[in-house]
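In what follows, a single structure is set out as structure tokens and then discussed.
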Amino acid sequence: MYYSDEGTSDATGSLAGDTMRPLIWLGSLLAALFCGAMPALAQKSGGVLKIYHRDNPPSASIHEEVTISTIIPFMPVFNNLVIYDQHEPQNSEKTIRPELAKSWKWSADGKALSMKLEENVKWHDGRPFTARDVICTFELLTDKASQRLRRNPRASWYRNLDFVTAESDYDVTIHLKRPQPSLLAMLASGMSPMYPCHASLAQMRTKPIGTGPFKVGSFSEFQNIRLVRNADYWKKSRPWLDGIDFVIVNNPSTAVLSFVAGRFDMTFPWEVTPLQAKFVKKESPSAICETTSMNLNVNLLVNRTVAPFDKPEIRKALILALDRKPFVEQLTDGNAAIGGTMQPPPDGIWGLPPDMLSVVPGYGPDVEKNRAEARAIMEKMGYGPNNRLRVKLATRGVALYKEPAEMLQGQLRGIYIDADVEIVETSLWFNRLNRKEYTLGVNATGNGVDDPDQTFFENFACKSPRNYTGYCNGEIEKLFDVQSIERDADKRRQIVREIDVRLLADGARPVIYWSRDTTCRQPYVKGYTQMVNSVYNGFRFEDVWLDR
């Protein structure tokens with residue numbers, strides 16, 4: 001079974017009592033049996049999966065990066081303590097499965113998570129994986145190691161982590177400062193691999209060592225990433241593939257043409273536009289193309305430390321200027337969704353329902369009324385037809401960012417703002433944001449897990465390294481802790497919705513739309529499941545096989 005229980009939270013977040021434990025145990029056992037039965041589907045071993053990659057990853061070190069350009073090609077190299085079921089599209093507490101931790105239990109006070117680790121697991125260089133590696137990983141993530149991460153984008157995930165102890169080589173306990181039921185959700189993300197104590201961070205950035213189903217064969221910048229089968233993988237029947245080749249193709253049209261021509265088995269996940277999807281279905285009707293949400297929103301970044309956007313009135317005008325429907329209809333062919341800070345339902349678990357969203361400033365149906373109010377604010381601040389505000393609108397050099405930036409540019413003209421779109425190369429983009437070297441920006445924020453702890457603490461906490469806008473509201477941040485400690489799911493949801501509404505009204509990071517995009521694969525690619533509420537968690541690839 002996955003876990004025993006002394007006050008363990010069930011899938012709804014409420015505290016399970018003694019009468020529920022047999023049911024929890026039975027459900028876990030059945031899930032384990034089900035997952036164990038999945039491989040018996042006449043899979044074929046061998047072959048190399050070929051995927052085109054959209055751009056050059058900044059590095060191979062998952063713990064130092066925030067982009068799927070790194071996570072997707074390098075997630076197959078690693079293992080987590082726990083992982084979301086790779087065949088369940090919606091990630092939730094119910095779909096968390098064992099990986100390097102074969103079982104776990106919470107202490108009665110909810111402040112200690114004890115785990116029993118898999119034995120006989122080896123790193124790719126042959127050294128044994130032990131509890132010491134777990135300690136080293138969390139020392140990195142909490143800035144207690146002698147080595148320091150170049151960036152630590154998930155520091156906010158582990159701000160509540162106190163220390164980690166090892167009772168033996170294969171027994172480890174994570175100690176928290178206060179209860180945090182969502183810790184397992186974050187540990188299950190593809191952003192949460194275990195790192196080896198003995199490897200330098202310099203090596204992890206270029207040719208990382210993991211315990212996962214694939215090893216890094218080569219990482220040639222701006223060219224390709226080649227993964228090869230780990231013949232000594234601790235899951236003896238995996239992986240099915242001999243390897244995975246990611247070929248970097250910067251031109252999206254060229255990439256799609258190459259897929260249609262059969263040079264690639266799979267497109268880069270969620271990178272196929274609606275127009276490209278129609279082309280694929282016409283030219284390659286046997287291809288399987290899936291359009292899904294993925295817990296990624298396109299948002300407006302406003303640098304609150306730079307005039308005139310240090311003034312709340314100007315920021316309010318920006319919120320009122322947004323007309324989200326053209327973004328959805330013209331850029332996504334109606335596939336995208338309009339929502340708040342948390343991913344909207346039904347794919348998202350915590351998002352605001354439409355009736356609550358409609359009363360938030362800037363979300364009402366009367367766009368012209370909103371724009372008139374925005375112009376009045378701008379005129380009061382000294383701007384107008386004869387004194388327009390000229391700014392740069394920075395964005396990343398991929399279509400998901402550039403196209404919304406160009407449309408936003410047109411909408412801002414209607415409130416006396418002339419924004420020049422500035423394209424920033426991927427390897428420089430996040431460094432620019434971290435240093436707040438922008439005035440306005442269009443960004444795409446993918447959430448590692450569909451959980452308020454991740455979203456709120458990472459993107460909106462005052463001292464978070466991923467709080468790119470400099471937003472800081474101590475009163476709202478206190479509520480982050482209140483919802484985090486709450487074990488009753490319904491009570492927690494009420495608090496989360498209050499926070500969401502207040503962040504939107506405050507213009508903390510205005511959401512333009514929630515993406516729903518397309519991935520295509522050849523019909524012989526089997527065993528891949530596309531997730532609906534994370535872009536980061538579905539790429540272990542150990543169950544993928546080629547039926548040809």
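By convention here, the chains of the structure tokens are called A, B, ... in the order presented, each chain's residues are numbered starting at 1, and ligands are numbered starting at 1 in the order presented.
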
**OP:** Using DSSP on the backbone coordinates, identify the residues of region 107-297 of chain A assigned to alpha helix (DSSP H); present them as number ranges by chain.
**Re:** A: 131-141, 183-187, 201-206, 252-260, 274-283

Show me a table, sorted first by chain and then by increasing residue number, of the residues of region 81-172 of chain A having an atom at most 12 Å from region 202-210 of chain A, each with its shortest atom pair and the distance in Å to one decimal, counting only C-alpha atoms and written as CSV.
residue,atom,partner,partner_atom,distance
A:Leu100,CA,A:Gly210,CA,11.8
A:Val121,CA,A:Gly210,CA,10.5
A:Lys122,CA,A:Gly210,CA,8.6
A:Trp123,CA,A:Gly210,CA,5.5
A:His124,CA,A:Ile209,CA,5.7
A:Asp125,CA,A:Ile209,CA,7.2
A:Gly126,CA,A:Ile209,CA,10.1
A:Arg127,CA,A:Ile209,CA,10.4
A:Pro128,CA,A:Gly210,CA,11.1
A:Phe129,CA,A:Gly210,CA,9.5
A:Asp133,CA,A:Gly210,CA,11.0
A:Gln147,CA,A:Ala202,CA,10.0
A:Arg148,CA,A:Ala202,CA,10.6
A:Leu149,CA,A:Ala202,CA,9.8
A:Arg150,CA,A:Ala202,CA,9.7
A:Arg151,CA,A:Arg205,CA,11.7

**OP:** Show which residues sit within 8 Å of Thr519 (chain A), as JSON, numbers by chain. Count only C-alpha atoms, and ignore same-chain residues fewer than 6 positions away.
**Re:** {"A": [266, 267, 268, 269, 270, 271, 272, 289, 290, 291]}

Subject >> Interatomic distance (Å, one decimal) between CA of Glu425 (chain A) and CA of Ala255 (chain A) >> reply: 18.6 Å

Original post:
Which one of A:Glu498, A:Asp517, A:Asp85, A:Asp453 sits closest to Phe480 (chain A) if you count only C-alpha atoms?
Top reply: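 For Phe480 (chain A), the nearest of the candidates is A:Asp453.
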
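Between CA of Asn387 (chain A) and CA of Lys311 (chain A) there is a distance of 17.7 Å.
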
**OP:** Skip Tyr468 (chain A) itself and residues of its chain fewer than 5 positions away, then list as a list in words all residues within 7 Å of it, counting only C-alpha atoms.
**Re:**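 What passes the distance filter is Leu433, Asn434 and Lys436 of chain A.
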
**OP:** Give me the residues within 9 Å of Asp543 (chain A) as a count of residues only, counting only C-alpha atoms and dropping any in the same chain fewer than 2 places off.
**Re:** 13

Subject >> For Leu318 (chain A), the nearest of the candidates A:Lys50, A:Arg509, A:His198, A:Arg502, counting only C-alpha atoms >> reply: A:Arg509

Subject >> Separation of CA of Ile512 (chain A) from CA of Glu379 (chain A) in Å >> reply: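 A separation of 24.3 Å between them.
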